[in-house]
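Undergrad: JSON, C-alpha atoms, saved as target-v5.json, coming up:
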```json
[["chain", "number", "residue", "atom", "x", "y", "z"],
["A", 1, "MET", "CA", -12.71, 45.11, 16.33],
["A", 2, "ILE", "CA", -11.81, 46.65, 13.01],
["A", 3, "ARG", "CA", -14.20, 45.53, 10.28],
["A", 4, "PHE", "CA", -14.23, 46.84, 6.74],
["A", 5, "GLY", "CA", -17.88, 46.94, 5.75],
["A", 6, "PRO", "CA", -19.45, 48.30, 2.57],
["A", 7, "TRP", "CA", -19.00, 51.98, 3.48],
["A", 8, "SER", "CA", -15.37, 51.75, 4.49],
["A", 9, "THR", "CA", -14.58, 49.50, 1.52],
["A", 10, "MET", "CA", -16.18, 51.93, -0.92],
["A", 11, "LEU", "CA", -14.38, 54.91, 0.60],
["A", 12, "GLY", "CA", -11.12, 52.94, 0.67],
["A", 13, "MET", "CA", -11.46, 52.11, -3.01],
["A", 14, "ALA", "CA", -12.11, 55.78, -3.80],
["A", 15, "ALA", "CA", -9.03, 56.78, -1.80],
["A", 16, "GLY", "CA", -6.94, 54.11, -3.52],
["A", 17, "PHE", "CA", -8.12, 55.25, -6.95],
["A", 18, "GLY", "CA", -7.32, 58.87, -6.10],
["A", 19, "ALA", "CA", -3.84, 57.88, -4.95],
["A", 20, "LEU", "CA", -3.29, 55.86, -8.13],
["A", 21, "VAL", "CA", -4.35, 58.77, -10.36],
["A", 22, "ALA", "CA", -2.10, 61.12, -8.38],
["A", 23, "ILE", "CA", 0.87, 58.80, -8.91],
["A", 24, "LEU", "CA", 0.10, 58.48, -12.61],
["A", 25, "LEU", "CA", -0.13, 62.27, -12.91],
["A", 26, "LEU", "CA", 3.27, 62.64, -11.28],
["A", 27, "THR", "CA", 4.84, 60.32, -13.84],
["A", 28, "ALA", "CA", 3.22, 61.95, -16.92],
["A", 29, "ARG", "CA", 5.61, 63.67, -19.29],
["A", 30, "GLY", "CA", 3.68, 66.62, -20.69],
["A", 31, "ASN", "CA", 2.24, 69.61, -18.83],
["A", 32, "ARG", "CA", 4.34, 68.91, -15.74],
["A", 33, "THR", "CA", 3.37, 71.93, -13.64],
["A", 34, "ALA", "CA", -0.36, 71.38, -14.03],
["A", 35, "ASN", "CA", 0.00, 67.64, -13.46],
["A", 36, "ARG", "CA", 1.99, 68.15, -10.26],
["A", 37, "LEU", "CA", -0.53, 70.65, -8.91],
["A", 38, "LEU", "CA", -3.44, 68.34, -9.70],
["A", 39, "ALA", "CA", -1.60, 65.40, -8.14],
["A", 40, "ALA", "CA", -1.01, 67.46, -4.99],
["A", 41, "LEU", "CA", -4.70, 68.39, -4.87],
["A", 42, "LEU", "CA", -5.71, 64.75, -5.25],
["A", 43, "GLY", "CA", -3.23, 63.76, -2.55],
["A", 44, "VAL", "CA", -4.77, 66.26, -0.14],
["A", 45, "ALA", "CA", -8.27, 65.00, -0.99],
["A", 46, "VAL", "CA", -7.18, 61.41, -0.35],
["A", 47, "LEU", "CA", -5.62, 62.35, 2.99],
["A", 48, "ARG", "CA", -8.80, 64.21, 3.97],
["A", 49, "LEU", "CA", -10.86, 61.10, 3.11],
["A", 50, "MET", "CA", -8.79, 58.68, 5.22],
["A", 51, "PRO", "CA", -10.34, 59.53, 8.63],
["A", 52, "TYR", "CA", -13.74, 58.57, 7.25],
["A", 53, "VAL", "CA", -12.41, 55.27, 5.93],
["A", 54, "LEU", "CA", -10.95, 54.48, 9.33],
["A", 55, "GLY", "CA", -14.04, 55.72, 11.16],
["A", 56, "PHE", "CA", -16.47, 53.54, 9.21],
["A", 57, "ALA", "CA", -14.15, 50.57, 9.73],
["A", 58, "GLY", "CA", -14.43, 50.96, 13.51],
["A", 59, "PHE", "CA", -10.81, 51.93, 14.06],
["A", 60, "TYR", "CA", -11.66, 54.75, 16.46],
["A", 61, "ASP", "CA", -13.87, 52.46, 18.57],
["A", 62, "THR", "CA", -11.10, 49.89, 18.94],
["A", 63, "TYR", "CA", -8.27, 52.38, 19.50],
["A", 64, "PRO", "CA", -9.76, 55.49, 21.15]]
```
What would you get if you wrote out this structure as structure tokens?

TA:
Amino acid sequence: MIRFGPWSTMLGMAAGFGALVAILLLTARGNRTANRLLAALLGVAVLRLMPYVLGFAGFYDTYP
């Protein structure tokens, strides 16, 4: 059973915030090259965090 407890919720909120900041950086007008590189770095960090969010939620126990 998948259950989002305090750890997975906290990590999910961090991943959601990182994704939101990355999207906002992509839409910023000034300093486009630096903003795109930082948004890409944040996107990679969010993607690297997602297995932990799913793991703490019990996803891997339910769907091995």

Undergrad: Residues at most 7 Å from segment 37-46 of chain A, counting only C-alpha atoms, excluding those fewer than 2 positions away in the same chain, as a VMD selection string?

TA: chain A and resid 15 18 to 19 22 25 to 26 33 to 35 48 to 50

Undergrad: Do a neighbour search on segment 5-10 of chain A at 12 Å with all atoms listed in the file, toss out local chain neighbours closer than 5 positions, and write the hits as a PyMOL selection string.

TA: chain A and resi 15-17+49-59

Undergrad: One number please: atom CA of Arg32 of chain A to atom CA of Leu20 of chain A, in Å, one decimal.

TA: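 These atoms are spaced 16.9 Å apart.
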
Undergrad: Quote the spacing between atom CA of Val21 of chain A and atom CA of Tyr60 of chain A in Å to one decimal place.

TA: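 Between atom CA of Val21 of chain A and atom CA of Tyr60 of chain A the gap works out to 28.1 Å.
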
Undergrad: Rounded to one decimal in Å, what is the spacing between atom CA of Thr27 of chain A and atom CA of Leu47 of chain A?

TA: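 Straight-line distance from atom CA of Thr27 of chain A to atom CA of Leu47 of chain A works out to 19.9 Å.
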
Undergrad: Axis-aligned box over every listed atom of segment 18-35 of chain A, padded by 4 Å per side: centre and edges in Å to one decimal, as AutoDock Vina command-line options?

TA:
```
--center_x -0.9 --center_y 63.9 --center_z -12.8 --size_x 20.9 --size_y 24.1 --size_z 23.7
```
